[in-house]
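Data first, discussion second: the structure below is written as structure tokens.
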Amino acid sequence: MNWIKLLSHQRPGEQKLPVHDAIRSRFEQDFDRLVFSHPFRTLQDKTQVFPLPADDFVHTRLTHSLEAASVGRSLGKNAGLFLLEKYPELGLQGYSVHDFGAIVGAAALAHDVGNPPFGHSGEDGISSFFLTNEKGQFFKDKVSEKEWKDLTTFEGNAQGLRILSGRNSGLKVTYAVLGAFTKYPLSSSADKENGRKSQQKFGYYQSDHSLFSELALALALIKLGEEKWIRHPLAFLVEAADDICYRIIDFEDGCRLGLIAFEEFKHLLAAIIGDNFSDKKLNRFLSLNEKLGILRAMAISQLISQCSATFQDKEADMMSGDFDSDLISLIPSAELLDKIIELSTAQIYRSKSVGEKEVGGFEVIDYLIEAFATSAYFHYFDLSLPKQKSTLRLLPEEYKVLLNEQNSVYEMLQIIIDFVSGLTDSHAVRLYQTLKGFRLPV
């Protein structure tokens with residue numbers, strides 16, 4: 001692979017490569033498009049860890065994404081400094097450290113844009129409808145084997161690619177940002193190789209195979225086999241930005257809500273910060289929020305430096321496809337981060353409050369998929385009844401248009417999934433109550 005192609009600022013569907021603008025690059029335009037987009041805005045009411053949080057300081061998907069973008073921009077700029085020195089031709093082509101920061105920042109900003117309401121329970125709710133719900137099993141013989149694999153393994157990363165590439169959203173970000181966004185450059189049906197971090201999940205649906213093939217060709221990604229490629233090197237930095245933020249900030253939220261003792265939080269983050277930590281200086285701050293904030297900021301700064309150094313060490317192997325691991329597992333603070341994850345899993349992710357709301361979210365999503373998928377099928381492929389017509393009237397107008405233009409059961413089901421996965425937590429609950437008859441207009 002070569003960096004000139006990996007930094008392509010062409011967009012899907014464009015026939016001609018535009019001139020690179022060094023003043024306001026297309027990568028910066030991508031970032032701005034995302035900030036103002038509807039899919040990104042809905043993240044303000046989507047679960048990060050604590051569904052429907054009452055505390056103003058607890059993170060949602062939106063605040064998490066903004067913080068990941070900030071960390072990603074710093075990681076990208078650090079990488080840019082190194083790459084511009086190693087490959088002088090990049091500077092001759094007009095690229096700067098700001099381009100690397102904008103690409104990684106935009107991809108990190110978008111990394112959760114395909115996630116459904118209620119976090120992982122929402123993903124499981126969509127998949128389990130087709131796997132275990134009798135009405136979901138009804139569709140199995142109406143789609144191909146590969147299409148069924150897509151439906152039974154809903155993946156937020158693949159859903160995000162649909163959104164970012166312009167399908168039903170109008171975003172159409174550049175190939176470089178799409179490449180950096182794609183942590184798992186393979187289809188749901190591709191044969192996976194043990195030990196490759198980039199193949200733990202999948203990154204695109206069968207309906208987007210042509211798009212991803214076009215993307216891989218434009219970026220000159222190395223093909224590993226049928227429907228699978230190696231990662232764009234900047235995807236490792238996007239993954240690191242997400243890893244840093246959710247490990248440290250979920251831990252911070254747990255401390256703020258009383259699930260993690262402050263002394264335990266301080267001890268682990270002080271170990272990451274190292275010699276720059278001062279208990280005396282920390283005690284100058286009176287409020288818990290200020291103390292948590294300064295510890296978090298210093299720890300993240302240290303982790304950015306460590307991940308940047310590891311990226312530089314592994315960049316050549318990334319370019320050849322010989323490196324396929326997460327950066328954060330190789331940095332000096334890796335064991336401390338493992339301890340944070342261990343505590344977070346036991347005391348935050350498995351807490352009673354999180355568990356109760358996850359169960360409720362699972363039920364809501366399963367029922368919404370059932371209601372809209374079965375109504376759409378009978379309306380378009382069988383005999384529509386009054387209740388089914390009424391259910392479909394609850395869809396926004398743009399989804400009705402798309403359903404009228406669909407050509408297969410698989411495409412119809414994907415449109416329904418697009419709609420349900422794009423809902424906020426609150427909207428999903430209100431819609432569930434309406435369909436159940438618990439909430440009627442007055």
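By convention here, the chains of the structure tokens are called A, B, ... in the order presented, each chain's residues are numbered starting at 1, and ligands are numbered starting at 1 in the order presented.
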
To test your reading of the structure, identify every residue in region 153-189 of chain A that backbone DSSP assigns to helix (DSSP H, G or I), and report it as a VMD selection string.
chain A and resid 156 to 164 175 to 181

Show me, as an mmCIF file with N, CA and C atoms, in the first residue's frame, the residues that have an atom within 10 Å of region 386-390 of chain A when counting only C-alpha atoms, minus same-chain residues fewer than 4 positions from it.
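part07.cif, freshly written:
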data_model
loop_
_atom_site.group_PDB
_atom_site.id
_atom_site.type_symbol
_atom_site.label_atom_id
_atom_site.label_comp_id
_atom_site.auth_asym_id
_atom_site.auth_seq_id
_atom_site.Cartn_x
_atom_site.Cartn_y
_atom_site.Cartn_z
ATOM 1 N N ALA A 371 -42.854 -5.492 14.607
ATOM 2 C CA ALA A 371 -44.031 -4.755 14.149
ATOM 3 C C ALA A 371 -43.844 -4.197 12.744
ATOM 4 N N PHE A 372 -42.721 -3.547 12.506
ATOM 5 C CA PHE A 372 -42.523 -2.892 11.212
ATOM 6 C C PHE A 372 -42.116 -3.870 10.111
ATOM 7 N N ALA A 373 -41.324 -4.892 10.438
ATOM 8 C CA ALA A 373 -40.900 -5.859 9.424
ATOM 9 C C ALA A 373 -42.080 -6.688 8.921
ATOM 10 N N THR A 374 -42.898 -7.192 9.845
ATOM 11 C CA THR A 374 -44.044 -8.007 9.415
ATOM 12 C C THR A 374 -45.084 -7.156 8.679
ATOM 13 N N SER A 375 -45.307 -5.939 9.140
ATOM 14 C CA SER A 375 -46.264 -5.056 8.457
ATOM 15 C C SER A 375 -45.792 -4.728 7.047
ATOM 16 N N ALA A 376 -44.495 -4.430 6.901
ATOM 17 C CA ALA A 376 -43.958 -4.104 5.580
ATOM 18 C C ALA A 376 -44.023 -5.309 4.649
ATOM 19 N N TYR A 377 -43.721 -6.502 5.175
ATOM 20 C CA TYR A 377 -43.754 -7.686 4.305
ATOM 21 C C TYR A 377 -45.161 -7.928 3.765
ATOM 22 N N PHE A 378 -46.136 -7.948 4.650
ATOM 23 C CA PHE A 378 -47.494 -8.247 4.186
ATOM 24 C C PHE A 378 -48.056 -7.115 3.322
ATOM 25 N N HIS A 379 -47.631 -5.904 3.558
ATOM 26 C CA HIS A 379 -48.110 -4.787 2.738
ATOM 27 C C HIS A 379 -47.541 -4.851 1.320
ATOM 28 N N LEU A 394 -46.743 5.154 10.697
ATOM 29 C CA LEU A 394 -45.889 5.746 11.727
ATOM 30 C C LEU A 394 -44.467 5.994 11.234
ATOM 31 N N LEU A 395 -44.126 5.454 10.084
ATOM 32 C CA LEU A 395 -42.787 5.660 9.535
ATOM 33 C C LEU A 395 -42.647 7.075 8.975
ATOM 34 N N LEU A 435 -47.279 1.646 19.817
ATOM 35 C CA LEU A 435 -47.664 0.397 19.149
ATOM 36 C C LEU A 435 -48.353 -0.576 20.102
#

Near-Arg231 (chain A) list (9 Å; only C-alpha atoms; drop same-chain fewer than 4 positions) as a compact mmCIF listing (two decimals) with N, CA, C and O atoms, in the first residue's frame:
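So result.txt came out as:
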# COMPACT_ATOMS: atom_id res chain seq x y z
N GLY A 179 -12.18 4.58 4.91
CA GLY A 179 -11.17 3.55 5.19
C GLY A 179 -10.74 3.56 6.64
O GLY A 179 -10.64 2.51 7.28
N ALA A 180 -10.50 4.76 7.19
CA ALA A 180 -10.09 4.87 8.59
C ALA A 180 -11.22 4.44 9.52
O ALA A 180 -10.97 3.91 10.61
N THR A 182 -13.39 2.04 8.91
CA THR A 182 -13.69 0.61 8.79
C THR A 182 -12.69 -0.23 9.57
O THR A 182 -11.62 -0.58 9.06
N LYS A 183 -13.03 -0.58 10.79
CA LYS A 183 -12.16 -1.42 11.63
C LYS A 183 -12.15 -2.87 11.16
O LYS A 183 -11.21 -3.62 11.43
N TYR A 184 -13.23 -3.29 10.48
CA TYR A 184 -13.38 -4.69 10.08
C TYR A 184 -13.66 -4.76 8.58
O TYR A 184 -14.83 -4.82 8.17
N PRO A 185 -12.62 -4.73 7.75
CA PRO A 185 -12.81 -4.66 6.29
C PRO A 185 -13.14 -6.00 5.65
O PRO A 185 -12.38 -6.54 4.84
N SER A 198 -8.73 -7.38 13.07
CA SER A 198 -9.61 -6.75 12.08
C SER A 198 -10.68 -7.69 11.55
O SER A 198 -11.51 -7.28 10.73
N LEU A 221 -6.18 -1.06 -0.92
CA LEU A 221 -6.03 -1.96 0.22
C LEU A 221 -5.64 -3.35 -0.28
O LEU A 221 -6.13 -3.81 -1.32
N ILE A 222 -4.80 -4.04 0.46
CA ILE A 222 -4.37 -5.39 0.08
C ILE A 222 -5.52 -6.36 0.34
O ILE A 222 -6.08 -6.39 1.44
N ALA A 235 -7.01 3.28 10.63
CA ALA A 235 -8.08 2.64 11.39
C ALA A 235 -7.57 2.19 12.76
O ALA A 235 -8.34 2.13 13.73
N PHE A 236 -6.27 1.88 12.86
CA PHE A 236 -5.70 1.49 14.14
C PHE A 236 -5.74 2.67 15.13
O PHE A 236 -5.91 2.47 16.33
N MET A 318 1.99 -2.41 9.35
CA MET A 318 0.61 -2.11 8.97
C MET A 318 0.49 -1.99 7.46
O MET A 318 -0.48 -2.47 6.86
N MET A 319 1.47 -1.36 6.85
CA MET A 319 1.43 -1.13 5.40
C MET A 319 1.54 -2.43 4.61
O MET A 319 1.03 -2.54 3.50
N GLY A 321 0.50 -5.38 5.95
CA GLY A 321 -0.54 -6.28 6.42
C GLY A 321 -0.06 -7.28 7.45
O GLY A 321 -0.82 -8.15 7.88
N ASP A 324 -1.69 -6.81 12.82
CA ASP A 324 -3.15 -6.82 12.92
C ASP A 324 -3.55 -7.05 14.37
O ASP A 324 -4.06 -8.10 14.75

Near Ile304 (chain A), within 9 Å and counting only C-alpha atoms, which residues show up once chain neighbours fewer than 2 positions away are dropped, as number ranges by chain?
A: 71-72, 74-75, 78, 240-241, 244, 299-302, 306-309

Quick one, how far is CA of Met1 (chain A) from CA of Val97 (chain A)?
19.8 Å

Nearest residue to Glu226 (chain A) out of A:Glu370, A:Asp191, A:Asp418, A:Asp45, using only C-alpha atoms?
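Using only C-alpha atoms, Glu226 (chain A) sits closest to A:Asp191.
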
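By chain and then residue number, the residues within 7 Å of region 23-29 of chain A are His9, Arg33, Asp99, Ala102, Ile103 and Thr174 of chain A, counting only C-alpha atoms and disregarding those fewer than 4 positions away in sequence.
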
Of the listed residues A:Ala271, A:Ala346, A:Ala176, A:Leu336, that which approaches Gly254 (chain A) most closely, counting only C-alpha atoms
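Nearest to Gly254 (chain A): A:Ala346.
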
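The smallest atom-to-atom distance between Asp150 (chain A) and any of A:Pro12, A:Gly203, A:Gly76, A:Gly361, using only C-alpha atoms, is found for A:Gly203.
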
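You can rank A:Ala107, A:Lys291, A:Leu431, A:Glu193 by their closest distance to Phe262 (chain A) using only C-alpha atoms, and at the top of that list sits A:Lys291.
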
Shell of 10 Å around Met298 (chain A), only C-alpha atoms, local chain residues under 2 positions omitted, as a PyMOL selection string:
chain A and resi 269-270+272-274+276-277+293-296+300-303

Counting only C-alpha atoms, which of A:Leu327, A:Leu34, A:Leu84, A:Ala316 gets nearest to Gly160 (chain A)?
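Ranked by minimum distance to Gly160 (chain A), first place goes to A:Leu34.
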
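Close contacts of region 143-146 of chain A, defined as residues with an atom at most 10 Å away when counting only C-alpha atoms, with chain neighbours fewer than 6 positions off set aside, comprise A:Ser187, A:Ser188, A:Ser189, A:Ala190, A:Tyr205, A:Gln206, A:Ser408, A:Val409, A:Tyr410, A:Glu411, A:Leu413.
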
Go ahead and write the selection's residues with N, CA, C and O atoms as a PDB file, in the first residue's frame.
ATOM      1  N   SER A 187     -16.861  -8.830   4.841  1.00  0.00           N
ATOM      2  CA  SER A 187     -18.313  -9.032   4.897  1.00  0.00           C
ATOM      3  C   SER A 187     -18.665  -9.995   6.014  1.00  0.00           C
ATOM      4  O   SER A 187     -17.794 -10.660   6.589  1.00  0.00           O
ATOM      5  N   SER A 188     -19.945 -10.108   6.327  1.00  0.00           N
ATOM      6  CA  SER A 188     -20.382 -11.014   7.391  1.00  0.00           C
ATOM      7  C   SER A 188     -20.135 -12.477   7.020  1.00  0.00           C
ATOM      8  O   SER A 188     -20.033 -13.329   7.900  1.00  0.00           O
ATOM      9  N   SER A 189     -20.041 -12.765   5.728  1.00  0.00           N
ATOM     10  CA  SER A 189     -19.911 -14.153   5.277  1.00  0.00           C
ATOM     11  C   SER A 189     -18.473 -14.562   4.988  1.00  0.00           C
ATOM     12  O   SER A 189     -18.209 -15.734   4.684  1.00  0.00           O
ATOM     13  N   ALA A 190     -17.526 -13.621   5.071  1.00  0.00           N
ATOM     14  CA  ALA A 190     -16.136 -13.934   4.762  1.00  0.00           C
ATOM     15  C   ALA A 190     -15.553 -14.904   5.784  1.00  0.00           C
ATOM     16  O   ALA A 190     -15.902 -14.860   6.968  1.00  0.00           O
ATOM     17  N   TYR A 205     -22.304  -4.951   4.770  1.00  0.00           N
ATOM     18  CA  TYR A 205     -23.346  -5.904   4.399  1.00  0.00           C
ATOM     19  C   TYR A 205     -23.219  -6.285   2.924  1.00  0.00           C
ATOM     20  O   TYR A 205     -22.564  -5.598   2.143  1.00  0.00           O
ATOM     21  N   GLN A 206     -23.907  -7.357   2.539  1.00  0.00           N
ATOM     22  CA  GLN A 206     -23.898  -7.786   1.139  1.00  0.00           C
ATOM     23  C   GLN A 206     -24.401  -6.688   0.210  1.00  0.00           C
ATOM     24  O   GLN A 206     -23.912  -6.539  -0.910  1.00  0.00           O
ATOM     25  N   SER A 408     -36.725  -6.210  -3.094  1.00  0.00           N
ATOM     26  CA  SER A 408     -36.596  -7.558  -2.531  1.00  0.00           C
ATOM     27  C   SER A 408     -36.929  -7.528  -1.046  1.00  0.00           C
ATOM     28  O   SER A 408     -36.943  -6.462  -0.410  1.00  0.00           O
ATOM     29  N   VAL A 409     -37.180  -8.711  -0.488  1.00  0.00           N
ATOM     30  CA  VAL A 409     -37.460  -8.825   0.941  1.00  0.00           C
ATOM     31  C   VAL A 409     -36.244  -8.361   1.745  1.00  0.00           C
ATOM     32  O   VAL A 409     -36.375  -7.664   2.758  1.00  0.00           O
ATOM     33  N   TYR A 410     -35.032  -8.733   1.293  1.00  0.00           N
ATOM     34  CA  TYR A 410     -33.800  -8.328   1.976  1.00  0.00           C
ATOM     35  C   TYR A 410     -33.681  -6.808   2.022  1.00  0.00           C
ATOM     36  O   TYR A 410     -33.397  -6.224   3.074  1.00  0.00           O
ATOM     37  N   GLU A 411     -33.916  -6.163   0.908  1.00  0.00           N
ATOM     38  CA  GLU A 411     -33.832  -4.708   0.862  1.00  0.00           C
ATOM     39  C   GLU A 411     -34.899  -4.076   1.753  1.00  0.00           C
ATOM     40  O   GLU A 411     -34.635  -3.092   2.460  1.00  0.00           O
ATOM     41  N   LEU A 413     -36.214  -5.390   4.467  1.00  0.00           N
ATOM     42  CA  LEU A 413     -35.819  -5.583   5.854  1.00  0.00           C
ATOM     43  C   LEU A 413     -34.688  -4.633   6.257  1.00  0.00           C
ATOM     44  O   LEU A 413     -34.665  -4.118   7.378  1.00  0.00           O
TER      45      LEU A 413
END

Tell me which of A:Leu131, A:Leu66, A:Met412, A:Leu237 sits closest to Val113 (chain A), counting only C-alpha atoms.
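Ranking A:Leu131, A:Leu66, A:Met412, A:Leu237 by distance to Val113 (chain A), first place goes to A:Leu66.
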
Interatomic distance between CA of Asp124 (chain A) and CA of Glu358 (chain A)?
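Computing the Euclidean distance for CA of Asp124 (chain A) and CA of Glu358 (chain A) yields 10.1 Å.
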
A straight line from CA of Ser305 (chain A) to CA of Ile331 (chain A) spans 9.5 Å

Enumerate the residues of region 114-291 of chain A with a DSSP assignment of strand (DSSP E or B), computed from the backbone, and present them as a ChimeraX atom specification.
/A:186-187,204,223-225,228-229

Restricting it to N, CA, C and O atoms, dump the selection as a PDB file, in the first residue's frame.
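Writing done, so here's selection_11.pdb:
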ATOM      1  N   LEU A 186     -14.293  -6.537   6.004  1.00  0.00           N
ATOM      2  CA  LEU A 186     -14.756  -7.800   5.428  1.00  0.00           C
ATOM      3  C   LEU A 186     -16.264  -7.892   5.576  1.00  0.00           C
ATOM      4  O   LEU A 186     -16.873  -7.132   6.327  1.00  0.00           O
ATOM      5  N   SER A 187     -16.861  -8.830   4.841  1.00  0.00           N
ATOM      6  CA  SER A 187     -18.313  -9.032   4.897  1.00  0.00           C
ATOM      7  C   SER A 187     -18.665  -9.995   6.014  1.00  0.00           C
ATOM      8  O   SER A 187     -17.794 -10.660   6.589  1.00  0.00           O
ATOM      9  N   TYR A 204     -19.149  -4.596   6.488  1.00  0.00           N
ATOM     10  CA  TYR A 204     -20.123  -4.202   5.474  1.00  0.00           C
ATOM     11  C   TYR A 204     -21.101  -5.333   5.185  1.00  0.00           C
ATOM     12  O   TYR A 204     -20.784  -6.512   5.361  1.00  0.00           O
ATOM     13  N   LYS A 223      -5.847  -7.161  -0.658  1.00  0.00           N
ATOM     14  CA  LYS A 223      -6.923  -8.129  -0.511  1.00  0.00           C
ATOM     15  C   LYS A 223      -6.387  -9.421   0.089  1.00  0.00           C
ATOM     16  O   LYS A 223      -5.381  -9.974  -0.360  1.00  0.00           O
ATOM     17  N   LEU A 224      -7.072  -9.929   1.100  1.00  0.00           N
ATOM     18  CA  LEU A 224      -6.646 -11.143   1.790  1.00  0.00           C
ATOM     19  C   LEU A 224      -7.369 -12.384   1.288  1.00  0.00           C
ATOM     20  O   LEU A 224      -6.912 -13.499   1.518  1.00  0.00           O
ATOM     21  N   GLY A 225      -8.505 -12.196   0.642  1.00  0.00           N
ATOM     22  CA  GLY A 225      -9.299 -13.326   0.176  1.00  0.00           C
ATOM     23  C   GLY A 225     -10.665 -12.852  -0.258  1.00  0.00           C
ATOM     24  O   GLY A 225     -10.887 -11.651  -0.453  1.00  0.00           O
ATOM     25  N   LYS A 228     -12.623  -9.884   1.798  1.00  0.00           N
ATOM     26  CA  LYS A 228     -11.872  -9.398   2.960  1.00  0.00           C
ATOM     27  C   LYS A 228     -10.545  -8.765   2.532  1.00  0.00           C
ATOM     28  O   LYS A 228      -9.885  -9.227   1.595  1.00  0.00           O
ATOM     29  N   TRP A 229     -10.177  -7.685   3.245  1.00  0.00           N
ATOM     30  CA  TRP A 229      -8.982  -6.905   2.954  1.00  0.00           C
ATOM     31  C   TRP A 229      -8.247  -6.610   4.271  1.00  0.00           C
ATOM     32  O   TRP A 229      -8.765  -6.858   5.357  1.00  0.00           O
TER      33      TRP A 229
END
